[in-house]
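Novice: I am sharing protein_23.txt, which consists of compact mmCIF, C-alpha atoms:
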# COMPACT_ATOMS: atom_id res chain seq x y z
CA VAL N 43 -12.09 -15.37 3.15
CA GLN N 44 -12.36 -12.95 0.24
CA LEU N 45 -11.67 -9.26 -0.10
CA GLN N 46 -11.26 -8.02 -3.66
CA ALA N 47 -11.13 -4.33 -4.52
CA SER N 48 -11.48 -3.13 -8.11
CA GLY N 49 -12.21 -0.05 -10.20
CA GLY N 50 -8.97 1.85 -9.82
CA GLY N 51 -7.17 3.53 -12.67
CA LEU N 52 -5.57 6.68 -13.96
CA VAL N 53 -7.64 9.87 -13.89
CA GLN N 54 -6.96 13.58 -14.22
CA ALA N 55 -7.35 15.91 -11.27
CA GLY N 56 -10.98 16.89 -10.87
CA GLY N 57 -12.19 13.60 -12.30
CA SER N 58 -14.15 10.76 -10.73
CA LEU N 59 -13.80 7.04 -10.11
CA GLU N 60 -15.96 4.44 -8.41
CA LEU N 61 -14.31 1.60 -6.54
CA SER N 62 -16.00 -1.69 -5.75
CA CYS N 63 -15.18 -4.41 -3.27
CA THR N 64 -16.60 -7.89 -3.03
CA ALA N 65 -16.28 -9.60 0.31
CA SER N 66 -17.10 -13.00 1.65
CA GLU N 67 -20.23 -13.25 3.73
CA ASN N 68 -18.46 -13.80 7.04
CA ILE N 69 -16.62 -10.50 6.59
CA PHE N 70 -19.47 -8.42 5.20
CA VAL N 71 -22.76 -9.44 6.79
CA ASN N 72 -23.64 -7.52 9.95
CA HIS N 73 -20.22 -5.87 10.06
CA ALA N 74 -19.04 -2.34 9.49
CA MET N 75 -16.97 -2.01 6.33
CA ALA N 76 -14.31 0.51 5.42
CA TRP N 77 -12.01 1.81 2.72
CA TYR N 78 -8.36 2.43 3.43
CA ARG N 79 -5.51 3.76 1.33
CA GLN N 80 -1.75 3.45 1.40
CA THR N 81 1.15 5.09 -0.39
CA PRO N 82 4.81 4.01 -0.33
CA GLU N 83 5.51 6.90 2.02
CA SER N 84 2.66 6.36 4.47
CA GLN N 85 0.92 3.77 6.59
CA ARG N 86 -2.49 2.43 5.65
CA ASP N 87 -4.95 5.21 6.48
CA LEU N 88 -8.68 4.97 7.06
CA VAL N 89 -10.66 6.81 4.38
CA ALA N 90 -14.31 6.03 5.13
CA VAL N 91 -16.43 3.68 7.23
CA ILE N 92 -20.00 2.48 6.86
CA THR N 93 -21.86 0.55 9.53
CA SER N 94 -24.09 -2.42 8.82
CA GLY N 95 -27.02 -0.04 9.17
CA GLY N 96 -25.65 2.53 6.75
CA GLY N 97 -24.14 5.13 9.06
CA THR N 98 -21.02 6.71 7.58
CA HIS N 99 -17.86 8.47 8.70
CA TYR N 100 -15.15 10.08 6.54
CA ALA N 101 -11.61 11.25 6.96
CA ASP N 102 -11.44 15.04 6.83
CA SER N 103 -9.31 14.89 3.69
CA VAL N 104 -12.09 13.23 1.65
CA LYS N 105 -15.21 14.64 3.28
CA ASP N 106 -17.69 16.10 0.76
CA ARG N 107 -15.79 14.46 -2.13
CA PHE N 108 -16.06 10.73 -1.46
CA THR N 109 -19.18 8.67 -0.74
CA ILE N 110 -19.11 5.19 0.76
CA SER N 111 -22.06 2.84 0.26
CA ARG N 112 -22.90 -0.84 0.48
CA ASP N 113 -25.20 -3.34 -1.18
CA ASN N 114 -26.00 -5.90 1.49
CA ALA N 115 -27.72 -8.21 -0.99
CA LYS N 116 -24.52 -8.49 -3.02
CA ASN N 117 -21.94 -8.32 -0.20
CA THR N 118 -20.42 -5.42 -2.10
CA LEU N 119 -18.90 -2.17 -0.88
CA TYR N 120 -18.49 0.97 -3.00
CA LEU N 121 -16.53 4.19 -2.89
CA GLN N 122 -17.58 7.00 -5.21
CA MET N 123 -14.69 9.43 -5.52
CA ASN N 124 -15.31 12.87 -7.02
CA SER N 125 -13.13 15.96 -7.42
CA LEU N 126 -10.04 13.79 -7.23
CA LYS N 127 -6.72 15.37 -6.30
CA PRO N 128 -3.15 14.18 -6.92
CA GLU N 129 -2.82 13.54 -3.18
CA ASP N 130 -5.57 10.91 -3.48
CA THR N 131 -3.10 8.75 -5.39
CA ALA N 132 -2.69 5.49 -3.45
CA ILE N 133 -3.54 1.83 -3.33
CA TYR N 134 -7.08 1.50 -1.99
CA TYR N 135 -8.14 -1.45 0.14
CA CYS N 136 -11.45 -2.54 1.60
CA ASN N 137 -11.91 -4.34 4.88
CA ASN N 138 -13.88 -4.29 8.09
CA ASP N 139 -13.58 -1.38 10.55
CA PRO N 140 -10.13 -1.13 12.18
CA ARG N 141 -11.00 -2.91 15.42
CA THR N 142 -12.58 -5.86 13.62
CA VAL N 143 -9.59 -6.14 11.27
CA VAL N 144 -7.31 -6.62 14.28
CA GLN N 145 -9.68 -9.12 15.89
CA ASN N 146 -9.72 -11.12 12.64
CA GLY N 147 -5.96 -11.42 12.47
CA ASN N 148 -5.19 -8.42 10.28
CA TYR N 149 -6.03 -10.15 6.99
CA TRP N 150 -5.92 -7.93 3.88
CA GLY N 151 -6.97 -8.72 0.36
CA GLN N 152 -5.78 -7.23 -2.89
CA GLY N 153 -6.09 -3.48 -3.29
CA THR N 154 -6.65 -1.36 -6.36
CA GLN N 155 -4.35 1.41 -7.58
CA VAL N 156 -5.73 4.91 -8.02
CA THR N 157 -3.50 7.43 -9.75
CA VAL N 158 -4.54 11.07 -10.11
CA SER N 159 -2.50 13.19 -12.49
CA SER N 160 -2.17 16.94 -12.12
Just give me the structure of the file as structure tokens.

Specialist:
Amino acid sequence: VQLQASGGGLVQAGGSLELSCTASENIFVNHAMAWYRQTPESQRDLVAVITSGGGTHYADSVKDRFTISRDNAKNTLYLQMNSLKPEDTAIYYCNNDPRTVVQNGNYWGQGTQVTVSS
């Protein structure tokens, strides 16, 4: 089982970052994938979801700023983040959709830190 997020960093407010996530085939193929984020003060929140067919859904807080996409040939998930705000600062994780995560025993891989300075 592999879930590895990367691409985080420090960026000024208004800037952009693109996150990537490589996943093992049993997690990625034919499954919805999602990005989540967590801060020390909050639980892990759902940011965006993409189905195996490419349908997407976003949290209201990131709608029109973030874009989730997937490359099924590479088992790779992406999150393009534009117009970043300090409140986007968090550790970002990739995984399946919430229901599948629970069914699979709530396994989480390593996240990537995003820090947005004001």

Novice: Between N:Asn148, N:Asn114, N:Ser84, N:Thr131, which is the closest to Gly96 of chain N once you count only C-alpha atoms?

Specialist: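 Ranking N:Asn148, N:Asn114, N:Ser84, N:Thr131 by distance to Gly96 of chain N, first place goes to N:Asn114.
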
Novice: Can you tell me which residues surround Asp106 of chain N at a distance of at most 10 Å, considering only C-alpha atoms, apart from same-chain residues fewer than 3 positions away, and format the answer as a count of residues only?

Specialist: 8

Novice: Would you list the contacts of segment 53-56 of chain N as a ChimeraX atom specification, taking every protein, DNA or RNA residue within 7 Å and counting all atoms listed in the file, but skipping same-chain residues closer than 6 positions in sequence?

Specialist: /N:125-128,157-160

Novice: For each of N:Ser58, N:Arg112, N:Tyr78, N:Ile69, take the minimum atom-to-atom distance to Gln145 of chain N, counting only C-alpha atoms, then give the residue where this is smallest.

Specialist: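 Residue with the minimum atom-to-atom distance to Gln145 of chain N: N:Ile69.
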
Novice: Taking all atoms of segment 62-81 of chain N that the file lists, what box with edges along x, y and z, padded by 5 Å per side, do you get, with centre and edge lengths in Å to one decimal, as JSON?

Specialist:
{"center_x": -11.2, "center_y": -4.4, "center_z": 2.2, "size_x": 34.8, "size_y": 28.9, "size_z": 25.8}

Novice: Would you list the contacts of segment 44-47 of chain N as number ranges by chain, taking every protein, DNA or RNA residue within 9 Å and counting all atoms listed in the file, but skipping same-chain residues closer than 6 positions in sequence?

Specialist: N: 61-67, 69, 119, 134-137, 150-154

Novice: So the first atom is atom CA of Val144 of chain N and the second is atom CA of Arg79 of chain N; what is the distance between them in Å, to one decimal place?

Specialist: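 Atom CA of Arg79 of chain N lies 16.7 Å from atom CA of Val144 of chain N.
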
Novice: Could you tell me how far atom CA of Gly50 of chain N lies from atom CA of Gln155 of chain N, in Å and to one decimal?

Specialist: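 Atom-to-atom, atom CA of Gly50 of chain N and atom CA of Gln155 of chain N are spaced 5.2 Å apart.
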
Novice: How many Å separate atom CA of Asn68 of chain N from atom CA of Asn117 of chain N?

Specialist: 9.7 Å

Novice: Taking into account only C-alpha atoms, which residue in the set N:Asp87, N:Ile92, N:Gly57, N:Ile133 is nearest to Met75 of chain N?

Specialist: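 Closest to Met75 of chain N of all the choices is N:Ile92.
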
Novice: Nearest to Trp77 of chain N: which of N:Lys105, N:Asn138, N:Ser48, N:Asp130 is it, counting only C-alpha atoms?

Specialist: N:Asn138

Novice: Find, counting all atoms listed in the file, the residue in N:Asp113, N:Ala132, N:Leu59, N:His73 that gets nearest to Val89 of chain N.

Specialist: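 Going through N:Asp113, N:Ala132, N:Leu59, N:His73 one by one, the smallest distance to Val89 of chain N is for N:Ala132.
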
Novice: Select, from N:Ser94, N:Thr81, N:Gln122, N:Ser111, the residue with the minimum atom-to-atom distance to Gly49 of chain N, counting all atoms listed in the file.

Specialist: N:Gln122

Novice: Could I get segment 122-139 of chain N rebuilt with N, CA, C and O atoms, written as a PDB file, in the frame of the given file?

Specialist:
ATOM      1  N   GLN N 122     -17.491   6.030  -4.133  1.00  0.00           N
ATOM      2  CA  GLN N 122     -17.580   7.000  -5.210  1.00  0.00           C
ATOM      3  C   GLN N 122     -16.649   8.157  -4.878  1.00  0.00           C
ATOM      4  O   GLN N 122     -16.796   8.798  -3.835  1.00  0.00           O
ATOM      5  N   MET N 123     -15.690   8.397  -5.757  1.00  0.00           N
ATOM      6  CA  MET N 123     -14.690   9.430  -5.520  1.00  0.00           C
ATOM      7  C   MET N 123     -14.836  10.526  -6.576  1.00  0.00           C
ATOM      8  O   MET N 123     -14.656  10.254  -7.770  1.00  0.00           O
ATOM      9  N   ASN N 124     -15.150  11.720  -6.133  1.00  0.00           N
ATOM     10  CA  ASN N 124     -15.310  12.870  -7.020  1.00  0.00           C
ATOM     11  C   ASN N 124     -14.255  13.928  -6.695  1.00  0.00           C
ATOM     12  O   ASN N 124     -13.638  13.901  -5.627  1.00  0.00           O
ATOM     13  N   SER N 125     -14.077  14.853  -7.612  1.00  0.00           N
ATOM     14  CA  SER N 125     -13.130  15.960  -7.420  1.00  0.00           C
ATOM     15  C   SER N 125     -11.772  15.435  -6.954  1.00  0.00           C
ATOM     16  O   SER N 125     -11.187  15.944  -5.988  1.00  0.00           O
ATOM     17  N   LEU N 126     -11.285  14.443  -7.640  1.00  0.00           N
ATOM     18  CA  LEU N 126     -10.040  13.790  -7.230  1.00  0.00           C
ATOM     19  C   LEU N 126      -8.859  14.739  -7.324  1.00  0.00           C
ATOM     20  O   LEU N 126      -8.784  15.591  -8.217  1.00  0.00           O
ATOM     21  N   LYS N 127      -7.923  14.561  -6.382  1.00  0.00           N
ATOM     22  CA  LYS N 127      -6.720  15.370  -6.300  1.00  0.00           C
ATOM     23  C   LYS N 127      -5.486  14.470  -6.412  1.00  0.00           C
ATOM     24  O   LYS N 127      -5.565  13.278  -6.072  1.00  0.00           O
ATOM     25  N   PRO N 128      -4.370  15.011  -6.847  1.00  0.00           N
ATOM     26  CA  PRO N 128      -3.150  14.180  -6.920  1.00  0.00           C
ATOM     27  C   PRO N 128      -2.819  13.499  -5.582  1.00  0.00           C
ATOM     28  O   PRO N 128      -2.319  12.365  -5.577  1.00  0.00           O
ATOM     29  N   GLU N 129      -3.116  14.147  -4.474  1.00  0.00           N
ATOM     30  CA  GLU N 129      -2.820  13.540  -3.180  1.00  0.00           C
ATOM     31  C   GLU N 129      -3.738  12.371  -2.837  1.00  0.00           C
ATOM     32  O   GLU N 129      -3.537  11.704  -1.827  1.00  0.00           O
ATOM     33  N   ASP N 130      -4.745  12.108  -3.653  1.00  0.00           N
ATOM     34  CA  ASP N 130      -5.570  10.910  -3.480  1.00  0.00           C
ATOM     35  C   ASP N 130      -4.915   9.680  -4.081  1.00  0.00           C
ATOM     36  O   ASP N 130      -5.417   8.566  -3.910  1.00  0.00           O
ATOM     37  N   THR N 131      -3.811   9.868  -4.787  1.00  0.00           N
ATOM     38  CA  THR N 131      -3.100   8.750  -5.390  1.00  0.00           C
ATOM     39  C   THR N 131      -2.634   7.773  -4.319  1.00  0.00           C
ATOM     40  O   THR N 131      -1.944   8.167  -3.364  1.00  0.00           O
ATOM     41  N   ALA N 132      -3.013   6.508  -4.456  1.00  0.00           N
ATOM     42  CA  ALA N 132      -2.690   5.490  -3.450  1.00  0.00           C
ATOM     43  C   ALA N 132      -3.236   4.150  -3.918  1.00  0.00           C
ATOM     44  O   ALA N 132      -3.968   4.072  -4.911  1.00  0.00           O
ATOM     45  N   ILE N 133      -2.873   3.120  -3.187  1.00  0.00           N
ATOM     46  CA  ILE N 133      -3.540   1.830  -3.330  1.00  0.00           C
ATOM     47  C   ILE N 133      -4.701   1.813  -2.336  1.00  0.00           C
ATOM     48  O   ILE N 133      -4.496   2.078  -1.154  1.00  0.00           O
ATOM     49  N   TYR N 134      -5.886   1.506  -2.824  1.00  0.00           N
ATOM     50  CA  TYR N 134      -7.080   1.500  -1.990  1.00  0.00           C
ATOM     51  C   TYR N 134      -7.462   0.061  -1.649  1.00  0.00           C
ATOM     52  O   TYR N 134      -7.496  -0.814  -2.519  1.00  0.00           O
ATOM     53  N   TYR N 135      -7.758  -0.154  -0.381  1.00  0.00           N
ATOM     54  CA  TYR N 135      -8.140  -1.450   0.140  1.00  0.00           C
ATOM     55  C   TYR N 135      -9.498  -1.359   0.834  1.00  0.00           C
ATOM     56  O   TYR N 135      -9.832  -0.325   1.415  1.00  0.00           O
ATOM     57  N   CYS N 136     -10.223  -2.455   0.812  1.00  0.00           N
ATOM     58  CA  CYS N 136     -11.450  -2.540   1.600  1.00  0.00           C
ATOM     59  C   CYS N 136     -11.246  -3.582   2.694  1.00  0.00           C
ATOM     60  O   CYS N 136     -10.438  -4.508   2.561  1.00  0.00           O
ATOM     61  N   ASN N 137     -11.992  -3.402   3.772  1.00  0.00           N
ATOM     62  CA  ASN N 137     -11.910  -4.340   4.880  1.00  0.00           C
ATOM     63  C   ASN N 137     -12.981  -3.969   5.889  1.00  0.00           C
ATOM     64  O   ASN N 137     -13.780  -3.034   5.683  1.00  0.00           O
ATOM     65  N   ASN N 138     -13.001  -4.677   6.986  1.00  0.00           N
ATOM     66  CA  ASN N 138     -13.880  -4.290   8.090  1.00  0.00           C
ATOM     67  C   ASN N 138     -13.360  -3.004   8.744  1.00  0.00           C
ATOM     68  O   ASN N 138     -12.330  -2.463   8.347  1.00  0.00           O
ATOM     69  N   ASP N 139     -14.064  -2.516   9.767  1.00  0.00           N
ATOM     70  CA  ASP N 139     -13.580  -1.380  10.550  1.00  0.00           C
ATOM     71  C   ASP N 139     -12.284  -1.783  11.247  1.00  0.00           C
ATOM     72  O   ASP N 139     -12.001  -2.972  11.421  1.00  0.00           O
TER      73      ASP N 139
END
